[in-house]
Amino acid sequence: MKTTDASQNDVIKINDLNKWYGDFHVLKDINLNVKEGERIVVCGPSGSGKSTLIRCVNRLEEFQKGSLIVNGVEMIEDIKNIEAIRREVGMVFQHFNLFPHLTILENLTLGPIWVQKQSKADAEAVAMKYLERVKIPEQAHKFPGQLSGGQQQRVAIARSLCMNPKIMLFDEPTSALDPEMISEVLDVMVELAEEGMTMICVTHEMGFAKKVADRVIFMDAGQIVEQNNPTEFFGNPQNERTQLFLSQILAH
Amino acid sequence: MQEFKVLPDLPAPVKTVGPVAWLKNNLFSSWLNGLATIVVVAILAKLLPGLLDWLFFSANWTGTSQDACTKEGACWVFINSWSKQFFYGSYPDGQLWRINLVLAMLVGIITLSIFISKEYRNKIVVPLFLLLPFIGLIILDGSLIGLQVVSTDLWGGFTLNVLLAAASIIVAFPLGALWALGRRSEMPLARSISIILIEFFRGVPVLALFFMGSVMLPLFFPEGTTVDKLVRVWIVLVLFMSGYMAEVFRGGFQAIPKGQYEAADAIGLGYWQKNALIIFPQVIKVSMPNILATFVMLFKNTTFLLIIGIFEMLSTAQTALTNSNWLGGHSTEAYLFVGLVFWVCCYSMSLIATSIERKLNTDHRN
């Protein structure tokens, strides 16, 4: 049992967060605290603001109202050292976003060499370690365009891990994959979760959510509708909107 | 359980490959295509013999003055006698090795950039390229390194076209990239300055810019300083070229997916790192055809310098044509030769660019 004050362990504190795209109110009064080592799955219909929410965490998106504290640093309007926070927060994108002009190994070592100022040899050793962990060390000298989608996404995960992040964000990591490749990516994510990485995953993979999530959050229309542990969330959803959503995605 | 068997690959049907099939597909695929082939062959048969005769068989190849041109064909003696001026202008005879040295350095660096491994390309080739115009200037001028000083009035010929174009392109490349970044910047001041510069140098005809460079630019320099005419022309060419390159790069920047910026941000790269390591290499790749087109345009535009009295190749040819010893009407030979030399160079540039494109293309390499 953890005896320390719970709020001390919160690596992400989101308080009354509001965001607008022009006139469109995309996030409404979001409150969410994430503890160190906690695995959170965010689901919801498209346009519900779930991607926007996690993109606020590493400030790919700015917000207009409320507060957001990541790793003890408050995200304010004219934040000075945004790169320092981004180093602590890894992100995996729906479309992988690997750098097509660099080899797999160069994709992985770019951040450690240029941002963390590691030597090339050190960075490559770490990169190979993570490539082995995602089970594609033999692809190190190929270019992203030569890999399958599932392999590219595993490289993208390894690229984030090379920066030794405290928090990992996953923005629909399996949505752009062919069905037969989804499980190889989810396997890597499950392993990562079991090692105690703090994770926020936007995904519709409910099997993954049941297996690893500490908490499942359902969002709709820019609000958090319901959050609970997976057993309660799937077995006994409280809100009728949640029930409708679950019946739609679990129906077939 | 049933076993899944992969069928073997079979060779393609014979009718679709081989020379006869090629002829049929390319030259006689329809009656219209067949007719066009026959007409083109007929025209060639009518024109080629006369042309070849004038160019080669009845041409005058040897001699030192136009009196040697007794046969009906072209008087290549004219080109031959003036070849030194065509290529080197009035640069002193004993010093021509300096021009050749600078040219060799240029060719050497270009060759190096093609064959060197990617790892060293940026660390070695880029600084060499950036230094080359200044090293070239020092060698050709000679005053700083104790060689015979050669005034820029004597520089000329085709090597001047080549070196001036190369020196302009080399400086304009990074400058154009900066202007393009400025134009995309979120800082209003940087953006407006970039837009004004780009639109001015793209919007004003290059001839007008040359006149401004030779007449107006000196007014902006502090009193008492004189800047060499050729250096002023260089500055004008650099600025003109930067405007065009900036727009070429802008098109490239727009082709880069937003996800590339986000991935670079998410890793924690700063603004300059992101642009230099992630975005710009991809911009160069997608812009390569347009970059080449702009290079070729600038290279050919160096012939406009004859207007302001710089003895590049075309103005040398015109001077030679009005020389009292060569008033026999050799303009066809002269312009044909100038055209041929430029064409060979532009075509070589296009071959080099194609090879670079292939090297940069990592997208779908199997």
# chains A, B, ... in the order shown; residues from 1 in each chain; ligands from 1
$ closest_atom_pairs --of "chain A" --to "chain B" --cutoff "7 Å" --atoms "only C-alpha atoms" --output "JSON lines"
{"residue": "A:Leu60", "atom": "CA", "partner": "B:Glu262", "partner_atom": "CA", "distance": 6.8}
{"residue": "A:Glu83", "atom": "CA", "partner": "B:Gly268", "partner_atom": "CA", "distance": 4.4}
{"residue": "A:Ala84", "atom": "CA", "partner": "B:Gly268", "partner_atom": "CA", "distance": 6.8}
{"residue": "A:Arg86", "atom": "CA", "partner": "B:Gly268", "partner_atom": "CA", "distance": 5.1}
{"residue": "A:Arg87", "atom": "CA", "partner": "B:Gly268", "partner_atom": "CA", "distance": 5.2}
{"residue": "A:Gly90", "atom": "CA", "partner": "B:Ala266", "partner_atom": "CA", "distance": 6.7}
{"residue": "A:Met91", "atom": "CA", "partner": "B:Ala266", "partner_atom": "CA", "distance": 6.2}
{"residue": "A:Asn97", "atom": "CA", "partner": "B:Gly259", "partner_atom": "CA", "distance": 5.5}
{"residue": "A:Phe99", "atom": "CA", "partner": "B:Gln260", "partner_atom": "CA", "distance": 6.9}
{"residue": "A:Pro100", "atom": "CA", "partner": "B:Asp363", "partner_atom": "CA", "distance": 6.3}
{"residue": "A:His101", "atom": "CA", "partner": "B:Thr362", "partner_atom": "CA", "distance": 6.0}
{"residue": "A:Gly111", "atom": "CA", "partner": "B:Ile267", "partner_atom": "CA", "distance": 5.9}
{"residue": "A:Val115", "atom": "CA", "partner": "B:Leu269", "partner_atom": "CA", "distance": 6.1}
{"residue": "A:Phe143", "atom": "CA", "partner": "B:Thr362", "partner_atom": "CA", "distance": 6.5}
{"residue": "A:Gly145", "atom": "CA", "partner": "B:Asp363", "partner_atom": "CA", "distance": 4.9}
{"residue": "A:Gln146", "atom": "CA", "partner": "B:Asn366", "partner_atom": "CA", "distance": 6.2}
$ residues_around --residues "segment 219-236 of chain B" --least-positions-apart "3" --cutoff "12 Å" --atoms "only C-alpha atoms" --output "compact mmCIF listing (two decimals) with all heavy atoms, in the first residue's frame"
# COMPACT_ATOMS: atom_id res chain seq x y z
N PRO B 133 32.93 30.16 -52.93
CA PRO B 133 32.89 31.44 -53.64
C PRO B 133 33.98 32.40 -53.16
O PRO B 133 34.58 33.11 -53.97
CB PRO B 133 31.51 32.00 -53.29
CG PRO B 133 30.70 30.82 -52.93
CD PRO B 133 31.64 29.83 -52.33
N PHE B 134 34.26 32.38 -51.86
CA PHE B 134 35.22 33.34 -51.32
C PHE B 134 36.66 32.92 -51.64
O PHE B 134 37.49 33.75 -51.99
CB PHE B 134 34.98 33.49 -49.81
CG PHE B 134 33.56 33.91 -49.53
CD1 PHE B 134 32.60 32.97 -49.19
CD2 PHE B 134 33.17 35.22 -49.69
CE1 PHE B 134 31.29 33.35 -48.97
CE2 PHE B 134 31.86 35.62 -49.48
CZ PHE B 134 30.91 34.67 -49.12
N LEU B 137 37.16 33.72 -55.24
CA LEU B 137 37.37 35.15 -55.43
C LEU B 137 38.82 35.52 -55.10
O LEU B 137 39.48 36.27 -55.84
CB LEU B 137 36.41 35.91 -54.50
CG LEU B 137 36.06 37.34 -54.86
CD1 LEU B 137 35.40 37.39 -56.23
CD2 LEU B 137 35.12 37.93 -53.81
N ASP B 141 41.37 36.84 -57.93
CA ASP B 141 41.82 38.23 -57.79
C ASP B 141 43.33 38.28 -57.52
O ASP B 141 44.04 39.08 -58.13
CB ASP B 141 41.05 38.90 -56.66
CG ASP B 141 41.57 40.28 -56.37
OD1 ASP B 141 41.38 41.15 -57.26
OD2 ASP B 141 42.16 40.50 -55.30
N SER B 151 42.60 42.36 -62.57
CA SER B 151 41.41 43.18 -62.39
C SER B 151 40.18 42.47 -62.95
O SER B 151 40.27 41.73 -63.94
CB SER B 151 41.63 44.52 -63.09
OG SER B 151 40.41 44.97 -63.64
N THR B 152 39.04 42.68 -62.31
CA THR B 152 37.84 41.96 -62.75
C THR B 152 37.41 42.37 -64.16
O THR B 152 36.62 41.68 -64.78
CB THR B 152 36.67 42.21 -61.78
OG1 THR B 152 36.49 43.61 -61.65
CG2 THR B 152 36.92 41.57 -60.44
N ASP B 153 37.93 43.52 -64.67
CA ASP B 153 37.61 43.90 -66.05
C ASP B 153 38.06 42.82 -67.03
O ASP B 153 37.50 42.67 -68.11
CB ASP B 153 38.33 45.20 -66.43
CG ASP B 153 37.88 46.35 -65.57
OD1 ASP B 153 36.80 46.19 -64.94
OD2 ASP B 153 38.59 47.36 -65.50
N LEU B 154 39.11 42.11 -66.63
CA LEU B 154 39.68 41.11 -67.53
C LEU B 154 39.01 39.74 -67.40
O LEU B 154 39.24 38.87 -68.22
CB LEU B 154 41.19 40.95 -67.26
CG LEU B 154 42.01 42.24 -67.40
CD1 LEU B 154 43.47 41.98 -67.04
CD2 LEU B 154 41.91 42.79 -68.82
N TRP B 155 38.21 39.56 -66.35
CA TRP B 155 37.54 38.28 -66.19
C TRP B 155 36.45 38.17 -67.24
O TRP B 155 35.80 39.16 -67.56
CB TRP B 155 36.89 38.14 -64.81
CG TRP B 155 37.84 38.29 -63.66
CD1 TRP B 155 39.11 38.77 -63.69
CD2 TRP B 155 37.57 37.98 -62.30
NE1 TRP B 155 39.67 38.77 -62.45
CE2 TRP B 155 38.73 38.29 -61.57
CE3 TRP B 155 36.47 37.47 -61.62
CZ2 TRP B 155 38.81 38.10 -60.19
CZ3 TRP B 155 36.54 37.28 -60.26
CH2 TRP B 155 37.71 37.60 -59.55
N GLY B 156 36.24 36.97 -67.74
CA GLY B 156 35.18 36.88 -68.73
C GLY B 156 35.04 35.49 -69.29
O GLY B 156 35.63 34.53 -68.79
N LEU B 160 33.36 32.59 -66.56
CA LEU B 160 32.74 33.61 -65.71
C LEU B 160 31.26 33.30 -65.51
O LEU B 160 30.73 33.41 -64.40
CB LEU B 160 32.92 35.00 -66.34
CG LEU B 160 32.37 36.15 -65.48
CD1 LEU B 160 33.16 36.30 -64.20
CD2 LEU B 160 32.38 37.46 -66.25
N ASN B 161 30.57 32.89 -66.60
CA ASN B 161 29.17 32.49 -66.46
C ASN B 161 29.02 31.39 -65.41
O ASN B 161 28.16 31.45 -64.53
CB ASN B 161 28.62 31.94 -67.78
CG ASN B 161 28.52 33.00 -68.85
OD1 ASN B 161 29.50 33.36 -69.46
ND2 ASN B 161 27.33 33.52 -69.05
N LEU B 163 31.19 30.33 -63.01
CA LEU B 163 31.59 30.64 -61.63
C LEU B 163 30.63 31.62 -60.97
O LEU B 163 30.30 31.48 -59.80
CB LEU B 163 33.03 31.17 -61.61
CG LEU B 163 34.07 30.12 -62.02
CD1 LEU B 163 35.46 30.73 -62.07
CD2 LEU B 163 34.04 28.93 -61.07
N LEU B 164 30.18 32.59 -61.75
CA LEU B 164 29.24 33.57 -61.19
C LEU B 164 27.93 32.88 -60.81
O LEU B 164 27.37 33.12 -59.73
CB LEU B 164 28.99 34.67 -62.23
CG LEU B 164 28.51 36.02 -61.70
CD1 LEU B 164 29.43 36.52 -60.61
CD2 LEU B 164 28.46 37.03 -62.85
N ALA B 165 27.44 32.01 -61.70
CA ALA B 165 26.20 31.29 -61.40
C ALA B 165 26.39 30.42 -60.17
O ALA B 165 25.56 30.42 -59.25
CB ALA B 165 25.78 30.44 -62.60
N ALA B 166 27.52 29.69 -60.12
CA ALA B 166 27.77 28.80 -58.98
C ALA B 166 27.86 29.59 -57.69
O ALA B 166 27.23 29.24 -56.68
CB ALA B 166 29.05 28.00 -59.21
N ALA B 167 28.62 30.69 -57.71
CA ALA B 167 28.78 31.49 -56.50
C ALA B 167 27.44 32.05 -56.04
O ALA B 167 27.17 32.13 -54.83
CB ALA B 167 29.77 32.63 -56.76
N SER B 168 26.58 32.43 -56.99
CA SER B 168 25.27 32.98 -56.62
C SER B 168 24.38 31.91 -56.03
O SER B 168 23.71 32.12 -55.02
CB SER B 168 24.59 33.59 -57.84
OG SER B 168 25.47 34.44 -58.50
N ILE B 169 24.37 30.74 -56.67
CA ILE B 169 23.52 29.66 -56.20
C ILE B 169 23.92 29.24 -54.79
O ILE B 169 23.07 29.06 -53.91
CB ILE B 169 23.60 28.45 -57.16
CG1 ILE B 169 22.89 28.78 -58.47
CG2 ILE B 169 23.02 27.21 -56.53
CD1 ILE B 169 23.23 27.85 -59.61
N ILE B 170 25.23 29.13 -54.57
CA ILE B 170 25.73 28.65 -53.28
C ILE B 170 25.28 29.58 -52.15
O ILE B 170 24.84 29.12 -51.09
CB ILE B 170 27.26 28.53 -53.31
CG1 ILE B 170 27.66 27.33 -54.17
CG2 ILE B 170 27.83 28.39 -51.90
CD1 ILE B 170 29.14 27.26 -54.50
N VAL B 171 25.37 30.89 -52.37
CA VAL B 171 24.97 31.82 -51.30
C VAL B 171 23.45 31.93 -51.23
O VAL B 171 22.87 32.05 -50.14
CB VAL B 171 25.62 33.20 -51.52
CG1 VAL B 171 25.24 34.13 -50.37
CG2 VAL B 171 27.12 33.07 -51.61
N ALA B 172 22.80 31.86 -52.40
CA ALA B 172 21.34 32.04 -52.42
C ALA B 172 20.62 30.86 -51.78
O ALA B 172 19.51 31.02 -51.27
CB ALA B 172 20.85 32.23 -53.85
N LEU B 175 20.33 31.48 -48.05
CA LEU B 175 19.59 32.73 -47.87
C LEU B 175 18.11 32.53 -48.24
O LEU B 175 17.21 32.97 -47.52
CB LEU B 175 20.22 33.82 -48.73
CG LEU B 175 19.85 35.26 -48.39
CD1 LEU B 175 20.27 35.58 -46.96
CD2 LEU B 175 20.52 36.23 -49.35
N PHE B 200 9.88 41.53 -53.85
CA PHE B 200 10.62 42.53 -54.62
C PHE B 200 11.55 41.85 -55.63
O PHE B 200 11.53 42.16 -56.82
CB PHE B 200 11.43 43.44 -53.69
CG PHE B 200 12.28 44.43 -54.44
CD1 PHE B 200 11.70 45.57 -55.00
CD2 PHE B 200 13.64 44.23 -54.62
CE1 PHE B 200 12.46 46.48 -55.71
CE2 PHE B 200 14.41 45.13 -55.33
CZ PHE B 200 13.82 46.26 -55.87
N PHE B 201 12.35 40.92 -55.15
CA PHE B 201 13.35 40.34 -56.05
C PHE B 201 12.77 39.36 -57.05
O PHE B 201 13.39 39.04 -58.05
CB PHE B 201 14.49 39.69 -55.24
CG PHE B 201 15.39 40.72 -54.63
CD1 PHE B 201 15.35 40.98 -53.27
CD2 PHE B 201 16.24 41.45 -55.43
CE1 PHE B 201 16.15 41.95 -52.72
CE2 PHE B 201 17.06 42.43 -54.88
CZ PHE B 201 17.01 42.68 -53.52
N ARG B 202 11.54 38.89 -56.77
CA ARG B 202 10.90 38.04 -57.77
C ARG B 202 10.10 38.87 -58.77
O ARG B 202 9.91 38.46 -59.90
CB ARG B 202 9.96 37.05 -57.09
CG ARG B 202 10.49 35.65 -57.02
CD ARG B 202 9.70 34.85 -56.03
NE ARG B 202 8.29 35.14 -56.09
CZ ARG B 202 7.40 34.43 -56.76
NH1 ARG B 202 7.79 33.37 -57.42
NH2 ARG B 202 6.13 34.76 -56.75
N VAL B 204 10.67 42.10 -59.81
CA VAL B 204 11.37 43.04 -60.68
C VAL B 204 12.16 42.24 -61.73
O VAL B 204 12.82 41.27 -61.38
CB VAL B 204 12.31 43.93 -59.85
CG1 VAL B 204 13.08 44.87 -60.74
CG2 VAL B 204 11.52 44.70 -58.81
N PRO B 205 12.09 42.62 -63.00
CA PRO B 205 12.83 41.88 -64.03
C PRO B 205 14.33 41.88 -63.72
O PRO B 205 14.86 42.87 -63.21
CB PRO B 205 12.56 42.67 -65.32
CG PRO B 205 11.37 43.49 -65.03
CD PRO B 205 11.33 43.74 -63.56
N VAL B 206 14.97 40.79 -64.09
CA VAL B 206 16.37 40.66 -63.71
C VAL B 206 17.24 41.72 -64.38
O VAL B 206 18.21 42.22 -63.81
CB VAL B 206 16.88 39.23 -64.00
CG1 VAL B 206 16.92 38.94 -65.49
CG2 VAL B 206 18.24 38.99 -63.38
N LEU B 207 16.84 42.14 -65.60
CA LEU B 207 17.61 43.20 -66.27
C LEU B 207 17.56 44.50 -65.48
O LEU B 207 18.58 45.18 -65.30
CB LEU B 207 17.06 43.44 -67.68
CG LEU B 207 17.56 42.48 -68.75
CD1 LEU B 207 16.94 42.81 -70.09
CD2 LEU B 207 19.08 42.52 -68.83
N ALA B 208 16.35 44.82 -64.99
CA ALA B 208 16.22 46.04 -64.19
C ALA B 208 17.08 45.91 -62.93
O ALA B 208 17.72 46.88 -62.50
CB ALA B 208 14.76 46.25 -63.81
N LEU B 209 17.12 44.70 -62.35
CA LEU B 209 17.94 44.50 -61.16
C LEU B 209 19.42 44.71 -61.47
O LEU B 209 20.15 45.31 -60.69
CB LEU B 209 17.75 43.08 -60.62
CG LEU B 209 16.43 42.77 -59.92
CD1 LEU B 209 16.37 41.31 -59.52
CD2 LEU B 209 16.26 43.66 -58.70
N PHE B 210 19.85 44.25 -62.66
CA PHE B 210 21.26 44.45 -63.04
C PHE B 210 21.59 45.93 -63.14
O PHE B 210 22.63 46.38 -62.66
CB PHE B 210 21.56 43.76 -64.37
CG PHE B 210 21.70 42.26 -64.24
CD1 PHE B 210 21.34 41.43 -65.29
CD2 PHE B 210 22.18 41.69 -63.07
CE1 PHE B 210 21.46 40.05 -65.18
CE2 PHE B 210 22.30 40.32 -62.95
CZ PHE B 210 21.94 39.50 -64.01
N PHE B 211 20.69 46.69 -63.76
CA PHE B 211 20.94 48.13 -63.87
C PHE B 211 20.97 48.78 -62.50
O PHE B 211 21.82 49.61 -62.21
CB PHE B 211 19.88 48.79 -64.77
CG PHE B 211 20.15 48.59 -66.22
CD1 PHE B 211 19.24 47.92 -67.03
CD2 PHE B 211 21.33 49.05 -66.80
CE1 PHE B 211 19.50 47.72 -68.38
CE2 PHE B 211 21.60 48.86 -68.14
CZ PHE B 211 20.68 48.19 -68.93
N MET B 212 20.01 48.37 -61.66
CA MET B 212 20.02 48.90 -60.30
C MET B 212 21.34 48.57 -59.62
O MET B 212 21.92 49.40 -58.92
CB MET B 212 18.88 48.30 -59.48
CG MET B 212 17.52 48.87 -59.79
SD MET B 212 16.35 48.15 -58.64
CE MET B 212 14.92 48.03 -59.67
N GLY B 213 21.79 47.34 -59.83
CA GLY B 213 23.03 46.90 -59.18
C GLY B 213 24.21 47.72 -59.64
O GLY B 213 25.08 48.07 -58.84
N SER B 214 24.25 48.04 -60.94
CA SER B 214 25.43 48.75 -61.41
C SER B 214 25.32 50.25 -61.21
O SER B 214 26.34 50.92 -61.12
CB SER B 214 25.69 48.42 -62.89
OG SER B 214 24.55 48.72 -63.65
N VAL B 215 24.10 50.78 -61.11
CA VAL B 215 23.95 52.22 -60.97
C VAL B 215 23.52 52.63 -59.56
O VAL B 215 24.11 53.51 -58.94
CB VAL B 215 22.91 52.76 -61.99
CG1 VAL B 215 22.78 54.26 -61.85
CG2 VAL B 215 23.32 52.38 -63.40
N MET B 216 22.48 51.95 -59.03
CA MET B 216 21.90 52.39 -57.76
C MET B 216 22.62 51.84 -56.53
O MET B 216 22.77 52.54 -55.53
CB MET B 216 20.43 51.98 -57.69
CG MET B 216 19.50 52.95 -58.37
SD MET B 216 17.86 52.24 -58.47
CE MET B 216 17.50 51.97 -56.76
N LEU B 239 20.58 37.92 -54.56
CA LEU B 239 19.28 38.35 -54.04
C LEU B 239 18.15 37.88 -54.96
O LEU B 239 17.11 37.39 -54.50
CB LEU B 239 19.26 39.88 -53.90
CG LEU B 239 20.23 40.41 -52.84
CD1 LEU B 239 20.30 41.93 -52.88
CD2 LEU B 239 19.83 39.94 -51.45
N PHE B 240 18.37 38.02 -56.27
CA PHE B 240 17.38 37.58 -57.25
C PHE B 240 17.10 36.08 -57.09
O PHE B 240 15.96 35.64 -56.98
CB PHE B 240 17.94 37.88 -58.64
CG PHE B 240 17.19 37.25 -59.78
CD1 PHE B 240 15.95 37.74 -60.16
CD2 PHE B 240 17.73 36.18 -60.47
CE1 PHE B 240 15.27 37.17 -61.22
CE2 PHE B 240 17.06 35.60 -61.53
CZ PHE B 240 15.82 36.09 -61.90
N MET B 241 18.19 35.33 -56.99
CA MET B 241 18.08 33.88 -56.86
C MET B 241 17.43 33.50 -55.54
O MET B 241 16.63 32.57 -55.47
CB MET B 241 19.49 33.30 -56.96
CG MET B 241 19.55 31.81 -56.96
SD MET B 241 18.96 31.16 -58.52
CE MET B 241 19.19 29.43 -58.19
N SER B 242 17.76 34.24 -54.46
CA SER B 242 17.18 33.92 -53.16
C SER B 242 15.66 34.05 -53.19
O SER B 242 14.95 33.25 -52.59
CB SER B 242 17.75 34.85 -52.08
OG SER B 242 19.14 34.70 -52.00
N GLY B 243 15.19 35.10 -53.87
CA GLY B 243 13.75 35.28 -53.98
C GLY B 243 13.09 34.07 -54.61
O GLY B 243 12.08 33.57 -54.11
N LEU B 298 18.83 30.64 -63.65
CA LEU B 298 19.83 31.62 -63.24
C LEU B 298 21.08 31.53 -64.11
O LEU B 298 21.63 32.54 -64.54
CB LEU B 298 20.24 31.39 -61.78
CG LEU B 298 21.36 32.35 -61.34
CD1 LEU B 298 20.76 33.57 -60.68
CD2 LEU B 298 22.36 31.70 -60.45
N ASN B 301 20.43 33.13 -67.25
CA ASN B 301 20.29 34.58 -67.06
C ASN B 301 21.62 35.30 -66.95
O ASN B 301 21.67 36.52 -67.12
CB ASN B 301 19.46 34.87 -65.80
CG ASN B 301 17.98 34.81 -66.08
OD1 ASN B 301 17.56 34.75 -67.23
ND2 ASN B 301 17.19 34.82 -65.04
N THR B 302 22.70 34.56 -66.67
CA THR B 302 23.99 35.25 -66.58
C THR B 302 24.39 35.84 -67.94
O THR B 302 25.22 36.73 -67.98
CB THR B 302 25.12 34.31 -66.10
OG1 THR B 302 25.17 33.18 -66.95
CG2 THR B 302 24.92 33.88 -64.67
N PHE B 304 22.54 37.71 -69.62
CA PHE B 304 22.02 39.08 -69.65
C PHE B 304 23.06 40.10 -69.23
O PHE B 304 22.90 41.29 -69.45
CB PHE B 304 20.80 39.22 -68.71
CG PHE B 304 19.58 38.53 -69.21
CD1 PHE B 304 18.54 38.22 -68.35
CD2 PHE B 304 19.44 38.19 -70.55
CE1 PHE B 304 17.40 37.59 -68.81
CE2 PHE B 304 18.31 37.56 -71.02
CZ PHE B 304 17.29 37.25 -70.15
N LEU B 305 24.14 39.62 -68.61
CA LEU B 305 25.15 40.55 -68.12
C LEU B 305 25.83 41.31 -69.25
O LEU B 305 26.49 42.31 -69.01
CB LEU B 305 26.19 39.79 -67.29
CG LEU B 305 25.66 39.29 -65.95
CD1 LEU B 305 26.69 38.42 -65.27
CD2 LEU B 305 25.31 40.46 -65.05
N LEU B 306 25.65 40.85 -70.49
CA LEU B 306 26.25 41.57 -71.62
C LEU B 306 25.69 42.98 -71.69
O LEU B 306 26.37 43.91 -72.13
CB LEU B 306 26.03 40.81 -72.93
CG LEU B 306 24.70 40.90 -73.67
CD1 LEU B 306 24.75 41.97 -74.76
CD2 LEU B 306 24.37 39.57 -74.31
N ILE B 307 24.45 43.17 -71.22
CA ILE B 307 23.80 44.48 -71.24
C ILE B 307 24.59 45.51 -70.44
O ILE B 307 24.68 46.67 -70.82
CB ILE B 307 22.38 44.38 -70.65
CG1 ILE B 307 21.53 43.43 -71.49
CG2 ILE B 307 21.72 45.74 -70.54
CD1 ILE B 307 20.95 44.04 -72.71
N ILE B 308 25.15 45.10 -69.30
CA ILE B 308 25.87 46.08 -68.50
C ILE B 308 27.38 45.96 -68.67
O ILE B 308 28.15 46.38 -67.82
CB ILE B 308 25.49 45.99 -67.00
CG1 ILE B 308 25.65 44.56 -66.50
CG2 ILE B 308 24.08 46.48 -66.78
CD1 ILE B 308 25.58 44.47 -65.00
N GLY B 309 27.79 45.37 -69.81
CA GLY B 309 29.19 45.40 -70.18
C GLY B 309 30.09 44.49 -69.39
O GLY B 309 31.22 44.84 -69.07
N ILE B 310 29.60 43.32 -69.04
CA ILE B 310 30.48 42.31 -68.43
C ILE B 310 30.73 41.25 -69.49
O ILE B 310 29.81 40.80 -70.17
CB ILE B 310 29.84 41.72 -67.16
CG1 ILE B 310 29.98 42.76 -66.04
CG2 ILE B 310 30.50 40.40 -66.77
CD1 ILE B 310 29.38 42.40 -64.76
N PHE B 311 31.99 40.89 -69.66
CA PHE B 311 32.34 40.06 -70.82
C PHE B 311 32.15 38.58 -70.56
O PHE B 311 33.08 37.81 -70.55
CB PHE B 311 33.77 40.37 -71.28
CG PHE B 311 33.81 41.68 -72.01
CD1 PHE B 311 34.19 42.84 -71.36
CD2 PHE B 311 33.44 41.74 -73.35
CE1 PHE B 311 34.19 44.05 -72.03
CE2 PHE B 311 33.44 42.95 -74.03
CZ PHE B 311 33.81 44.11 -73.36
N GLU B 312 30.88 38.22 -70.33
CA GLU B 312 30.60 36.80 -70.24
C GLU B 312 30.58 36.23 -71.66
O GLU B 312 30.85 36.95 -72.62
CB GLU B 312 29.31 36.55 -69.45
CG GLU B 312 28.11 37.36 -69.84
CD GLU B 312 27.60 36.96 -71.17
OE1 GLU B 312 27.33 35.76 -71.33
OE2 GLU B 312 27.48 37.83 -72.06
$ residues_around --residues "segment 234-248 of chain A" --least-positions-apart "2" --cutoff "8 Å" --atoms "only C-alpha atoms" --output "PyMOL selection string"
chain A and resi 44-45+218+225-226+230-232+250-251
$ select_by_dssp --residues "segment 36-193 of chain A" --states "helix (DSSP H, G or I)" --output "PyMOL selection string"
chain A and resi 50-57+82-88+104-114+120-133+137-139+144-146+149-162+179-193
$ residues_around --residues "segment 105-121 of chain B" --least-positions-apart "2" --cutoff "10 Å" --atoms "only C-alpha atoms" --output "PyMOL selection string"
chain B and resi 99-103+123-129+132-133+135-136+162-163+166-167+352+355-356+359
$ select_by_dssp --residues "segment 6-236 of chain A" --states "strand (DSSP E)" --output "ChimeraX atom specification"
/A:10-21,24-35,39-43,65-70,73-74,89-92,167-171,198-202,215-220,223-228
$ atom_distance --atom1 "atom CA of Leu197 of chain B" --atom2 "atom CA of Trp179 of chain B"
8.0 Å
$ residues_around --residues "Phe170 of chain A" --least-positions-apart "3" --cutoff "10 Å" --atoms "only C-alpha atoms" --output "NGL selection string"
:A and (41-42 or 51 or 54-55 or 90-94 or 157 or 173-174 or 189 or 199-203)
$ atom_distance --atom1 "atom CA of Asp29 of chain A" --atom2 "atom CA of Lys210 of chain A"
26.7 Å
$ residues_around --residues "Ile14 of chain A" --least-positions-apart "3" --cutoff "7 Å" --atoms "only C-alpha atoms" --output "VMD selection string"
chain A and resid 17 30 to 33 67 to 69
$ closest_residue --among "A:Ile104, A:Ala123, A:Gly37, A:Gln116" --to "Gly196 of chain A" --atoms "only C-alpha atoms"
A:Gly37
$ closest_residue --among "A:Asp171, A:Ile249, A:Asp122, A:Asn229" --to "Gly49 of chain A" --atoms "only C-alpha atoms"
A:Asp171
$ closest_residue --among "A:Arg159, A:Arg133, A:His95, A:Lys166" --to "Val70 of chain A" --atoms "only C-alpha atoms"
A:Lys166
$ atom_distance --atom1 "atom CA of Ser29 of chain B" --atom2 "atom CA of Val41 of chain B"
16.3 Å
$ decode --residues "segment 197-202 of chain A" --atoms "N, CA and C atoms" --output "JSON list (two decimals), in the first residue's frame"
[["chain", "number", "residue", "atom", "x", "y", "z"],
["A", 197, "MET", "N", 5.10, 1.77, -16.73],
["A", 197, "MET", "CA", 5.12, 3.08, -17.38],
["A", 197, "MET", "C", 3.79, 3.80, -17.16],
["A", 198, "THR", "N", 3.87, 5.09, -16.89],
["A", 198, "THR", "CA", 2.66, 5.90, -16.84],
["A", 198, "THR", "C", 2.17, 6.11, -18.27],
["A", 199, "MET", "N", 0.92, 5.72, -18.54],
["A", 199, "MET", "CA", 0.44, 5.77, -19.92],
["A", 199, "MET", "C", -0.95, 6.38, -20.00],
["A", 200, "ILE", "N", -1.15, 7.20, -21.02],
["A", 200, "ILE", "CA", -2.51, 7.59, -21.39],
["A", 200, "ILE", "C", -2.71, 7.16, -22.83],
["A", 201, "CYS", "N", -3.68, 6.27, -23.05],
["A", 201, "CYS", "CA", -3.90, 5.75, -24.40],
["A", 201, "CYS", "C", -5.28, 6.13, -24.88],
["A", 202, "VAL", "N", -5.32, 6.82, -26.00],
["A", 202, "VAL", "CA", -6.60, 7.02, -26.68],
["A", 202, "VAL", "C", -6.73, 5.83, -27.64]]
